[in-house]
Amino acid sequence: MKENQEKNESSQTSDFEFLQEKIKERPINKKKLLQRTVITASLALLFGLVACLTFLLLEPVLNNWLYPEEEPQIVTFPQEKNEMLPEDMLTEGEGTQTESEEAVESSEDVALVQKPEDDVSQTEISEEDNTVLYEEMYQGVREKYKEIVTSMVTVTSVKSDVDWFNNTYESEGEIAGVIIANNNRELLVLTKRSPLKEAESIRITFCNGTSAEGKIKKYDVNTDLAVIAVELKYLKSATLDNVSVANLGSSADANLRGMPVMAVGNVLGYKDSVCLGMITSTGNILTMADNEYRLITTDIYGSQNPSGILVSMEGNVLGILDNSHNNEDTKNLVSAIGITELKGMITKLSNGIDIPYAGIYVQDISGETRKELGIPQGAYILDIDMDSPAMEKGIQKGDIVIRVGEKEILSASDYMNAIRGYSKDTDVVISVLRYTKEAYEEMQFTITLETRE
């Protein structure tokens with residue numbers, strides 16, 4: 001029975017042997033696999049690029065929507081009502097007496113009629129009193145310096161260099177700068193431009209030791225000054241609470257000579273230095289392309305290349321330190337370009353406006369000389385820059401500018417103010433008088449104002 005059952009199972013198995021099959025793995029199509037991999041990677045890359053581009057485009061919009069920034073305010077530096085004209089500068093000190101000089105002379109006359117014993121009794125001061133007076137005076141200077149230094153910064157130029165062994169390292173150069181404005185979006189710092197020409201980055205260090213990145217907003221080639229912008233969003237409230245905007249004073253006062261002043265900044269070749277002295281002269285005029293500036297000299301001995309500000313004892317900025325115009329025998333006596341004459345230029349730089357450039361150097365001719373030589377009223381062209389817009393159009397040295405556009409020009413200051421009122425890439429008609437044969441002939445030239453590089 002058992003044997004029959006086994007035979008039946010054996011026969012059944014043999015009956016279905018033809019239905020059994022062996023399952024084999026399908027061979028891999030490497031070509032299609034590679035194509036699918038490339039397509040997937042390409043789509044992923046495309047998706048990443050689209051996402052990145054979308055983020056870059058929408059991020060500023062979303063950021064402004066979530067964290068709206070205030071629009072920057074227009075920066076202005078009001079001109080003083082007692083600002084001297086260039087023609088006044090020419091006559092400064094010639095046959096005139098200032099009120100202070102008259103007062104000194106009158107006081108000297110009084111001193112001559114006083115009795116010697118009265119003079120001694122009035123001026124007799126003990127050594128102890130003298131020491132106290134000195135201490136009080138210098139303590140007052142120190143307290144005023146503490147106020148001024150809150151508007152000072154250190155501007156560091158950072159760039160990569162290679163040493164003798166071909167190793168790369170970062171080199172730094174430091175100059176002083178002064179905070180001149182806060183436009184609700186940026187702190188604006190005025191400083192020298194030439195040390196920053198090759199900088200890969202600019203670091204601004206404030207009085208409390210904190211630092212932030214700065215960028216050149218605009219610069220002026222004539223004066224070698226630049227305005228550096230530091231965005232407020234990168235500054236902590238503690239820093240903003242510690243710093244202040246400098247008060248720009250007036251350098252137009254004819255009575256500045258003999259005034260005690262402080263030079264603050266990088267005065268002696270070291271940062272954060274201060275020196276005390278007095279103004280020795282203010283009548284030196286620097287004639288530059290399309291502008292004139294006042295040079296203030298002092299008896300302060302310092303570096304041949306200082307940076308910083310000249311400040312009155314009231315804390316008002318009178319000038320920006322610049323020894324590049326000094327005589328050969330006064331290289332180490334600190335000088336400054338007057339702040340009043342700089343305000344128009346600084347205003348443009350602070351608002352991101354290029355300084356218009358025609359390339360004309362003008363000066364005033366005194367009334368007596370004009371009358372003697374028969375020279376017409378206007379701005380006398382002393383010189384012209386090579387390859388400047390004015391020279392390319394045919395304006396020459398010796399011409400007399402009488403109109404800029406529709407504005408009549410009677411002096412050098414009229415010309416400078418007229419040019420300053422235009423913008424870069426503007427076409428301007430300049431009318432001049434040129435001496436031909438035996439008379440002056442009027443000529444007109446249309447020039448396109450540029451920016452001096």
# chains A, B, ... in the order shown; residues from 1 in each chain; ligands from 1

call {"tool": "residues_around", "arguments": {"residues": "region 276-286 of chain A", "least_positions_apart": "3", "cutoff": "8 Å", "atoms": "only C-alpha atoms", "output": "PDB file with N, CA and C atoms, in the first residue's frame"}}
result
ATOM      1  N   MET A  89      40.069 136.457   0.875  1.00  0.00           N
ATOM      2  CA  MET A  89      41.285 135.793   1.313  1.00  0.00           C
ATOM      3  C   MET A  89      42.522 136.506   0.776  1.00  0.00           C
ATOM      4  N   LEU A  90      42.437 137.007  -0.460  1.00  0.00           N
ATOM      5  CA  LEU A  90      43.576 137.653  -1.082  1.00  0.00           C
ATOM      6  C   LEU A  90      43.985 138.915  -0.344  1.00  0.00           C
ATOM      7  N   GLU A  92      43.380 139.516   2.878  1.00  0.00           N
ATOM      8  CA  GLU A  92      43.493 139.312   4.325  1.00  0.00           C
ATOM      9  C   GLU A  92      44.866 139.738   4.804  1.00  0.00           C
ATOM     10  N   ALA A 254      38.426 135.291  10.163  1.00  0.00           N
ATOM     11  CA  ALA A 254      39.754 135.870   9.949  1.00  0.00           C
ATOM     12  C   ALA A 254      40.551 135.966  11.237  1.00  0.00           C
ATOM     13  N   LEU A 256      41.245 133.594  13.426  1.00  0.00           N
ATOM     14  CA  LEU A 256      41.680 132.295  13.934  1.00  0.00           C
ATOM     15  C   LEU A 256      43.142 132.301  14.359  1.00  0.00           C
ATOM     16  N   ARG A 257      43.951 133.179  13.796  1.00  0.00           N
ATOM     17  CA  ARG A 257      45.379 133.188  14.134  1.00  0.00           C
ATOM     18  C   ARG A 257      45.588 133.437  15.618  1.00  0.00           C
ATOM     19  N   GLY A 258      46.443 132.597  16.206  1.00  0.00           N
ATOM     20  CA  GLY A 258      46.707 132.691  17.634  1.00  0.00           C
ATOM     21  C   GLY A 258      45.756 131.894  18.491  1.00  0.00           C
ATOM     22  N   MET A 259      44.733 131.284  17.891  1.00  0.00           N
ATOM     23  CA  MET A 259      43.752 130.511  18.653  1.00  0.00           C
ATOM     24  C   MET A 259      44.365 129.182  19.105  1.00  0.00           C
ATOM     25  N   PRO A 260      44.193 128.793  20.375  1.00  0.00           N
ATOM     26  CA  PRO A 260      44.669 127.478  20.818  1.00  0.00           C
ATOM     27  C   PRO A 260      43.820 126.369  20.208  1.00  0.00           C
ATOM     28  N   VAL A 261      44.463 125.296  19.771  1.00  0.00           N
ATOM     29  CA  VAL A 261      43.771 124.191  19.109  1.00  0.00           C
ATOM     30  C   VAL A 261      44.387 122.867  19.522  1.00  0.00           C
ATOM     31  N   MET A 262      43.660 121.796  19.244  1.00  0.00           N
ATOM     32  CA  MET A 262      44.168 120.434  19.434  1.00  0.00           C
ATOM     33  C   MET A 262      44.201 119.707  18.093  1.00  0.00           C
ATOM     34  N   ALA A 263      45.260 118.950  17.857  1.00  0.00           N
ATOM     35  CA  ALA A 263      45.316 118.036  16.722  1.00  0.00           C
ATOM     36  C   ALA A 263      45.062 116.634  17.268  1.00  0.00           C
ATOM     37  N   GLU A 292      39.037 125.968  -4.644  1.00  0.00           N
ATOM     38  CA  GLU A 292      40.053 126.603  -3.812  1.00  0.00           C
ATOM     39  C   GLU A 292      39.804 126.221  -2.363  1.00  0.00           C
ATOM     40  N   TYR A 293      40.889 126.021  -1.607  1.00  0.00           N
ATOM     41  CA  TYR A 293      40.766 125.661  -0.207  1.00  0.00           C
ATOM     42  C   TYR A 293      41.744 126.488   0.617  1.00  0.00           C
ATOM     43  N   ARG A 294      41.392 126.662   1.889  1.00  0.00           N
ATOM     44  CA  ARG A 294      42.240 127.404   2.820  1.00  0.00           C
ATOM     45  C   ARG A 294      43.155 126.423   3.557  1.00  0.00           C
ATOM     46  N   LEU A 295      44.438 126.756   3.665  1.00  0.00           N
ATOM     47  CA  LEU A 295      45.380 125.944   4.435  1.00  0.00           C
ATOM     48  C   LEU A 295      45.641 126.620   5.773  1.00  0.00           C
ATOM     49  N   ILE A 296      45.359 125.891   6.855  1.00  0.00           N
ATOM     50  CA  ILE A 296      45.589 126.391   8.215  1.00  0.00           C
ATOM     51  C   ILE A 296      46.876 125.763   8.741  1.00  0.00           C
ATOM     52  N   THR A 297      47.814 126.595   9.197  1.00  0.00           N
ATOM     53  CA  THR A 297      49.073 126.082   9.743  1.00  0.00           C
ATOM     54  C   THR A 297      49.096 126.264  11.253  1.00  0.00           C
ATOM     55  N   THR A 298      49.868 125.421  11.937  1.00  0.00           N
ATOM     56  CA  THR A 298      49.977 125.474  13.398  1.00  0.00           C
ATOM     57  C   THR A 298      51.445 125.370  13.802  1.00  0.00           C
ATOM     58  N   ASP A 299      51.690 125.520  15.095  1.00  0.00           N
ATOM     59  CA  ASP A 299      53.046 125.326  15.629  1.00  0.00           C
ATOM     60  C   ASP A 299      53.206 123.942  16.248  1.00  0.00           C
ATOM     61  N   ILE A 300      52.276 123.028  15.945  1.00  0.00           N
ATOM     62  CA  ILE A 300      52.315 121.667  16.495  1.00  0.00           C
ATOM     63  C   ILE A 300      53.301 120.825  15.697  1.00  0.00           C
TER      64      ILE A 300
END

call {"tool": "residues_around", "arguments": {"residues": "Val149 (chain A)", "least_positions_apart": "3", "cutoff": "8 Å", "atoms": "only C-alpha atoms", "output": "MDAnalysis selection string"}}
result
chainID A and resid 145:146 152 207 264

call {"tool": "residues_around", "arguments": {"residues": "Ala379 (chain A)", "least_positions_apart": "2", "cutoff": "12 Å", "atoms": "only C-alpha atoms", "output": "VMD selection string"}}
result
chain A and resid 86 to 87 290 to 291 360 to 366 370 375 to 377 381 to 383 397 to 404 408 to 418 430 to 433

call {"tool": "residues_around", "arguments": {"residues": "Lys343 (chain A)", "least_positions_apart": "4", "cutoff": "7 Å", "atoms": "only C-alpha atoms", "output": "PDB file with all heavy atoms, in the first residue's frame"}}
result
ATOM      1  N   PHE A  77      25.540 120.023   5.310  1.00  0.00           N
ATOM      2  CA  PHE A  77      26.430 120.750   6.200  1.00  0.00           C
ATOM      3  C   PHE A  77      26.242 122.232   5.910  1.00  0.00           C
ATOM      4  O   PHE A  77      26.824 122.756   4.964  1.00  0.00           O
ATOM      5  CB  PHE A  77      27.883 120.348   5.989  1.00  0.00           C
ATOM      6  CG  PHE A  77      28.133 118.886   6.216  1.00  0.00           C
ATOM      7  CD1 PHE A  77      28.245 118.019   5.141  1.00  0.00           C
ATOM      8  CD2 PHE A  77      28.234 118.374   7.492  1.00  0.00           C
ATOM      9  CE1 PHE A  77      28.455 116.669   5.336  1.00  0.00           C
ATOM     10  CE2 PHE A  77      28.447 117.024   7.698  1.00  0.00           C
ATOM     11  CZ  PHE A  77      28.558 116.166   6.619  1.00  0.00           C
ATOM     12  N   ILE A 339      37.794 123.486   7.131  1.00  0.00           N
ATOM     13  CA  ILE A 339      36.562 122.705   7.019  1.00  0.00           C
ATOM     14  C   ILE A 339      35.467 123.464   6.283  1.00  0.00           C
ATOM     15  O   ILE A 339      34.640 122.860   5.588  1.00  0.00           O
ATOM     16  CB  ILE A 339      36.072 122.263   8.430  1.00  0.00           C
ATOM     17  CG1 ILE A 339      35.035 121.142   8.314  1.00  0.00           C
ATOM     18  CG2 ILE A 339      35.522 123.441   9.197  1.00  0.00           C
ATOM     19  CD1 ILE A 339      35.583 119.865   7.753  1.00  0.00           C
ATOM     20  N   THR A 347      29.530 117.318   1.398  1.00  0.00           N
ATOM     21  CA  THR A 347      28.087 117.100   1.244  1.00  0.00           C
ATOM     22  C   THR A 347      27.799 116.172   0.081  1.00  0.00           C
ATOM     23  O   THR A 347      26.993 115.231   0.188  1.00  0.00           O
ATOM     24  CB  THR A 347      27.355 118.439   1.040  1.00  0.00           C
ATOM     25  OG1 THR A 347      27.575 119.271   2.177  1.00  0.00           O
ATOM     26  CG2 THR A 347      25.864 118.220   0.860  1.00  0.00           C
TER      27      THR A 347
END

call {"tool": "atom_distance", "arguments": {"atom1": "CA of Leu318 (chain A)", "atom2": "CA of Val243 (chain A)"}}
result
19.7 Å

call {"tool": "residues_around", "arguments": {"residues": "Gly344 (chain A)", "least_positions_apart": "4", "cutoff": "10 Å", "atoms": "only C-alpha atoms", "output": "mmCIF file with all heavy atoms, in the first residue's frame"}}
result
data_model
loop_
_atom_site.group_PDB
_atom_site.id
_atom_site.type_symbol
_atom_site.label_atom_id
_atom_site.label_comp_id
_atom_site.auth_asym_id
_atom_site.auth_seq_id
_atom_site.Cartn_x
_atom_site.Cartn_y
_atom_site.Cartn_z
ATOM 1 N N THR A 76 23.417 117.190 5.004
ATOM 2 C CA THR A 76 23.733 118.580 4.686
ATOM 3 C C THR A 76 24.658 119.149 5.747
ATOM 4 O O THR A 76 24.574 118.785 6.922
ATOM 5 C CB THR A 76 22.460 119.451 4.621
ATOM 6 O OG1 THR A 76 21.784 119.373 5.882
ATOM 7 C CG2 THR A 76 21.532 118.976 3.516
ATOM 8 N N PHE A 77 25.540 120.023 5.310
ATOM 9 C CA PHE A 77 26.430 120.750 6.200
ATOM 10 C C PHE A 77 26.242 122.232 5.910
ATOM 11 O O PHE A 77 26.824 122.756 4.964
ATOM 12 C CB PHE A 77 27.883 120.348 5.989
ATOM 13 C CG PHE A 77 28.133 118.886 6.216
ATOM 14 C CD1 PHE A 77 28.245 118.019 5.141
ATOM 15 C CD2 PHE A 77 28.234 118.374 7.492
ATOM 16 C CE1 PHE A 77 28.455 116.669 5.336
ATOM 17 C CE2 PHE A 77 28.447 117.024 7.698
ATOM 18 C CZ PHE A 77 28.558 116.166 6.619
ATOM 19 N N PRO A 78 25.391 122.919 6.671
ATOM 20 C CA PRO A 78 25.074 124.319 6.369
ATOM 21 C C PRO A 78 26.316 125.196 6.315
ATOM 22 O O PRO A 78 27.216 125.063 7.152
ATOM 23 C CB PRO A 78 24.162 124.729 7.529
ATOM 24 C CG PRO A 78 23.632 123.443 8.065
ATOM 25 C CD PRO A 78 24.703 122.430 7.863
ATOM 26 N N GLN A 79 26.352 126.080 5.302
ATOM 27 C CA GLN A 79 27.453 127.026 5.179
ATOM 28 C C GLN A 79 27.242 128.171 6.161
ATOM 29 O O GLN A 79 26.122 128.605 6.389
ATOM 30 C CB GLN A 79 27.519 127.569 3.748
ATOM 31 C CG GLN A 79 27.707 126.488 2.685
ATOM 32 C CD GLN A 79 29.069 125.830 2.767
ATOM 33 O OE1 GLN A 79 30.053 126.468 3.097
ATOM 34 N NE2 GLN A 79 29.123 124.548 2.472
ATOM 35 N N ILE A 339 37.794 123.486 7.131
ATOM 36 C CA ILE A 339 36.562 122.705 7.019
ATOM 37 C C ILE A 339 35.467 123.464 6.283
ATOM 38 O O ILE A 339 34.640 122.860 5.588
ATOM 39 C CB ILE A 339 36.072 122.263 8.430
ATOM 40 C CG1 ILE A 339 35.035 121.142 8.314
ATOM 41 C CG2 ILE A 339 35.522 123.441 9.197
ATOM 42 C CD1 ILE A 339 35.583 119.865 7.753
ATOM 43 N N THR A 340 35.428 124.793 6.397
ATOM 44 C CA THR A 340 34.381 125.564 5.716
ATOM 45 C C THR A 340 34.444 125.358 4.219
ATOM 46 O O THR A 340 33.421 125.136 3.558
ATOM 47 C CB THR A 340 34.523 127.059 6.044
ATOM 48 O OG1 THR A 340 34.254 127.257 7.429
ATOM 49 C CG2 THR A 340 33.545 127.898 5.224
ATOM 50 N N LYS A 348 28.450 116.403 -1.052
ATOM 51 C CA LYS A 348 28.246 115.540 -2.221
ATOM 52 C C LYS A 348 28.709 114.115 -1.936
ATOM 53 O O LYS A 348 28.002 113.136 -2.227
ATOM 54 C CB LYS A 348 28.987 116.111 -3.432
ATOM 55 C CG LYS A 348 28.268 117.259 -4.135
ATOM 56 C CD LYS A 348 29.009 117.665 -5.395
ATOM 57 C CE LYS A 348 28.188 118.667 -6.193
ATOM 58 N NZ LYS A 348 27.024 118.058 -6.842
ATOM 59 N N LEU A 349 29.899 113.966 -1.372
ATOM 60 C CA LEU A 349 30.423 112.631 -1.088
ATOM 61 C C LEU A 349 29.514 111.872 -0.127
ATOM 62 O O LEU A 349 29.267 110.678 -0.298
ATOM 63 C CB LEU A 349 31.828 112.727 -0.492
ATOM 64 C CG LEU A 349 32.930 113.375 -1.343
ATOM 65 C CD1 LEU A 349 34.270 113.300 -0.622
ATOM 66 C CD2 LEU A 349 33.032 112.722 -2.713
ATOM 67 N N ILE A 355 31.983 114.092 -7.614
ATOM 68 C CA ILE A 355 32.431 115.479 -7.714
ATOM 69 C C ILE A 355 32.628 115.821 -9.184
ATOM 70 O O ILE A 355 33.424 115.176 -9.869
ATOM 71 C CB ILE A 355 33.741 115.696 -6.941
ATOM 72 C CG1 ILE A 355 33.594 115.243 -5.489
ATOM 73 C CG2 ILE A 355 34.169 117.149 -7.018
ATOM 74 C CD1 ILE A 355 32.531 115.986 -4.712
ATOM 75 N N ASN A 417 31.251 127.608 -7.277
ATOM 76 C CA ASN A 417 29.890 127.289 -6.834
ATOM 77 C C ASN A 417 29.016 126.836 -7.998
ATOM 78 O O ASN A 417 28.161 125.952 -7.845
ATOM 79 C CB ASN A 417 29.264 128.510 -6.159
ATOM 80 C CG ASN A 417 29.880 128.803 -4.815
ATOM 81 O OD1 ASN A 417 30.356 127.900 -4.129
ATOM 82 N ND2 ASN A 417 29.896 130.070 -4.437
ATOM 83 N N ARG A 420 30.034 123.274 -8.961
ATOM 84 C CA ARG A 420 29.622 122.357 -7.889
ATOM 85 C C ARG A 420 28.135 122.038 -7.966
ATOM 86 O O ARG A 420 27.687 120.993 -7.509
ATOM 87 C CB ARG A 420 29.953 122.970 -6.536
ATOM 88 C CG ARG A 420 29.859 122.003 -5.363
ATOM 89 C CD ARG A 420 30.208 122.696 -4.057
ATOM 90 N NE ARG A 420 31.598 123.098 -4.047
ATOM 91 C CZ ARG A 420 32.010 124.318 -3.740
ATOM 92 N NH1 ARG A 420 31.150 125.259 -3.435
ATOM 93 N NH2 ARG A 420 33.303 124.593 -3.721
ATOM 94 N N GLY A 421 27.363 122.927 -8.569
ATOM 95 C CA GLY A 421 25.927 122.713 -8.670
ATOM 96 C C GLY A 421 25.523 121.726 -9.742
ATOM 97 O O GLY A 421 24.358 121.322 -9.803
#

call {"tool": "residues_around", "arguments": {"residues": "region 153-158 of chain A", "least_positions_apart": "5", "cutoff": "9 Å", "atoms": "only C-alpha atoms", "output": "MDAnalysis selection string"}}
result
chainID A and resid 170:179 189 191 195:207 214 265:266 271:272

call {"tool": "select_by_dssp", "arguments": {"residues": "region 150-356 of chain A", "states": "strand (DSSP E)", "output": "PyMOL selection string"}}
result
chain A and resi 152-162+168-182+186-192+201-205+211-220+225-231+247-248+260-266+273-288+291-301+307-312+316-321+333-338+356

call {"tool": "residues_around", "arguments": {"residues": "Thr451 (chain A)", "least_positions_apart": "6", "cutoff": "9 Å", "atoms": "only C-alpha atoms", "output": "list of chain:residue names"}}
result
A:Asp220, A:Asp354, A:Ile355, A:Pro356, A:Tyr357, A:Ala358, A:Lys424, A:Asp425

call {"tool": "atom_distance", "arguments": {"atom1": "CA of Leu56 (chain A)", "atom2": "CA of Ile74 (chain A)"}}
result
28.8 Å

call {"tool": "closest_residue", "arguments": {"among": "A:Asn351, A:Ser250, A:Ser303, A:Asn327", "to": "Lys217 (chain A)", "atoms": "only C-alpha atoms"}}
result
A:Asn351

call {"tool": "select_by_dssp", "arguments": {"residues": "region 220-352 of chain A", "states": "helix (DSSP H, G or I)", "output": "list in words"}}
result
Leu232, Lys233, Tyr234, Ser237, Ala238, Thr239, Leu240, Asp241, Asn242, Glu328, Asp329, Thr330, Ile339, Thr340, Glu341, Leu342, Lys343, Gly344, Met345, Ile346, Thr347, Lys348, Leu349 and Ser350 of chain A

call {"tool": "atom_distance", "arguments": {"atom1": "CA of Glu406 (chain A)", "atom2": "CA of Gln444 (chain A)"}}
result
12.0 Å

call {"tool": "decode", "arguments": {"residues": "region 234-326 of chain A", "atoms": "C-alpha atoms", "output": "JSON list (two decimals), in the first residue's frame"}}
result
[["chain", "number", "residue", "atom", "x", "y", "z"],
["A", 234, "TYR", "CA", 26.05, 95.75, 11.73],
["A", 235, "LEU", "CA", 26.59, 97.92, 14.82],
["A", 236, "LYS", "CA", 25.37, 97.04, 18.28],
["A", 237, "SER", "CA", 23.41, 99.55, 20.34],
["A", 238, "ALA", "CA", 26.29, 99.70, 22.85],
["A", 239, "THR", "CA", 28.58, 101.01, 20.12],
["A", 240, "LEU", "CA", 26.06, 103.56, 18.88],
["A", 241, "ASP", "CA", 25.58, 104.79, 22.45],
["A", 242, "ASN", "CA", 29.33, 105.40, 22.82],
["A", 243, "VAL", "CA", 30.06, 107.20, 19.55],
["A", 244, "SER", "CA", 29.05, 110.68, 18.42],
["A", 245, "VAL", "CA", 28.97, 112.76, 15.25],
["A", 246, "ALA", "CA", 31.63, 115.48, 15.13],
["A", 247, "ASN", "CA", 30.55, 119.12, 15.11],
["A", 248, "LEU", "CA", 31.93, 120.78, 11.97],
["A", 249, "GLY", "CA", 32.85, 124.35, 12.87],
["A", 250, "SER", "CA", 34.05, 127.28, 10.77],
["A", 251, "SER", "CA", 37.45, 128.03, 9.29],
["A", 252, "ALA", "CA", 36.24, 131.23, 7.63],
["A", 253, "ASP", "CA", 36.86, 133.49, 10.63],
["A", 254, "ALA", "CA", 39.75, 135.87, 9.95],
["A", 255, "ASN", "CA", 40.58, 135.93, 13.67],
["A", 256, "LEU", "CA", 41.68, 132.29, 13.93],
["A", 257, "ARG", "CA", 45.38, 133.19, 14.13],
["A", 258, "GLY", "CA", 46.71, 132.69, 17.63],
["A", 259, "MET", "CA", 43.75, 130.51, 18.65],
["A", 260, "PRO", "CA", 44.67, 127.48, 20.82],
["A", 261, "VAL", "CA", 43.77, 124.19, 19.11],
["A", 262, "MET", "CA", 44.17, 120.43, 19.43],
["A", 263, "ALA", "CA", 45.32, 118.04, 16.72],
["A", 264, "VAL", "CA", 43.59, 114.68, 17.29],
["A", 265, "GLY", "CA", 44.08, 111.37, 15.50],
["A", 266, "ASN", "CA", 47.27, 109.89, 14.09],
["A", 267, "VAL", "CA", 49.32, 113.04, 14.70],
["A", 268, "LEU", "CA", 52.72, 111.69, 15.71],
["A", 269, "GLY", "CA", 52.73, 108.54, 13.60],
["A", 270, "TYR", "CA", 50.83, 106.63, 16.26],
["A", 271, "LYS", "CA", 47.08, 106.16, 16.50],
["A", 272, "ASP", "CA", 44.96, 107.80, 19.21],
["A", 273, "SER", "CA", 47.36, 110.69, 19.82],
["A", 274, "VAL", "CA", 46.63, 114.31, 20.71],
["A", 275, "CYS", "CA", 48.77, 117.47, 20.58],
["A", 276, "LEU", "CA", 48.16, 121.00, 21.82],
["A", 277, "GLY", "CA", 49.24, 124.19, 20.05],
["A", 278, "MET", "CA", 47.95, 127.26, 18.28],
["A", 279, "ILE", "CA", 47.07, 128.40, 14.76],
["A", 280, "THR", "CA", 49.91, 130.37, 13.16],
["A", 281, "SER", "CA", 48.35, 131.35, 9.79],
["A", 282, "THR", "CA", 45.13, 131.03, 7.78],
["A", 283, "GLY", "CA", 45.79, 133.12, 4.66],
["A", 284, "ASN", "CA", 47.38, 130.42, 2.49],
["A", 285, "ILE", "CA", 45.15, 129.43, -0.43],
["A", 286, "LEU", "CA", 45.36, 126.07, -2.21],
["A", 287, "THR", "CA", 44.23, 126.39, -5.82],
["A", 288, "MET", "CA", 43.03, 123.07, -7.22],
["A", 289, "ALA", "CA", 41.00, 122.00, -10.25],
["A", 290, "ASP", "CA", 37.60, 123.73, -10.04],
["A", 291, "ASN", "CA", 38.12, 124.54, -6.35],
["A", 292, "GLU", "CA", 40.05, 126.60, -3.81],
["A", 293, "TYR", "CA", 40.77, 125.66, -0.21],
["A", 294, "ARG", "CA", 42.24, 127.40, 2.82],
["A", 295, "LEU", "CA", 45.38, 125.94, 4.43],
["A", 296, "ILE", "CA", 45.59, 126.39, 8.21],
["A", 297, "THR", "CA", 49.07, 126.08, 9.74],
["A", 298, "THR", "CA", 49.98, 125.47, 13.40],
["A", 299, "ASP", "CA", 53.05, 125.33, 15.63],
["A", 300, "ILE", "CA", 52.31, 121.67, 16.50],
["A", 301, "TYR", "CA", 55.26, 119.37, 15.73],
["A", 302, "GLY", "CA", 54.10, 116.02, 14.40],
["A", 303, "SER", "CA", 54.48, 113.39, 11.71],
["A", 304, "GLN", "CA", 55.14, 114.42, 8.10],
["A", 305, "ASN", "CA", 52.06, 112.43, 7.12],
["A", 306, "PRO", "CA", 49.48, 112.92, 9.89],
["A", 307, "SER", "CA", 45.79, 112.03, 9.72],
["A", 308, "GLY", "CA", 42.96, 113.30, 11.85],
["A", 309, "ILE", "CA", 41.34, 116.63, 12.67],
["A", 310, "LEU", "CA", 42.21, 120.10, 13.97],
["A", 311, "VAL", "CA", 39.80, 121.06, 16.76],
["A", 312, "SER", "CA", 39.05, 124.23, 18.69],
["A", 313, "MET", "CA", 38.90, 124.21, 22.49],
["A", 314, "GLU", "CA", 35.10, 124.25, 22.17],
["A", 315, "GLY", "CA", 35.29, 120.90, 20.34],
["A", 316, "ASN", "CA", 34.49, 122.19, 16.84],
["A", 317, "VAL", "CA", 36.34, 120.72, 13.86],
["A", 318, "LEU", "CA", 38.28, 123.50, 12.10],
["A", 319, "GLY", "CA", 40.11, 121.42, 9.50],
["A", 320, "ILE", "CA", 41.30, 118.02, 8.25],
["A", 321, "LEU", "CA", 45.00, 117.32, 8.87],
["A", 322, "ASP", "CA", 47.09, 117.38, 5.68],
["A", 323, "ASN", "CA", 50.84, 118.14, 5.55],
["A", 324, "SER", "CA", 51.22, 117.43, 1.82],
["A", 325, "HIS", "CA", 51.06, 121.16, 0.99],
["A", 326, "ASN", "CA", 53.70, 122.27, 3.51]]
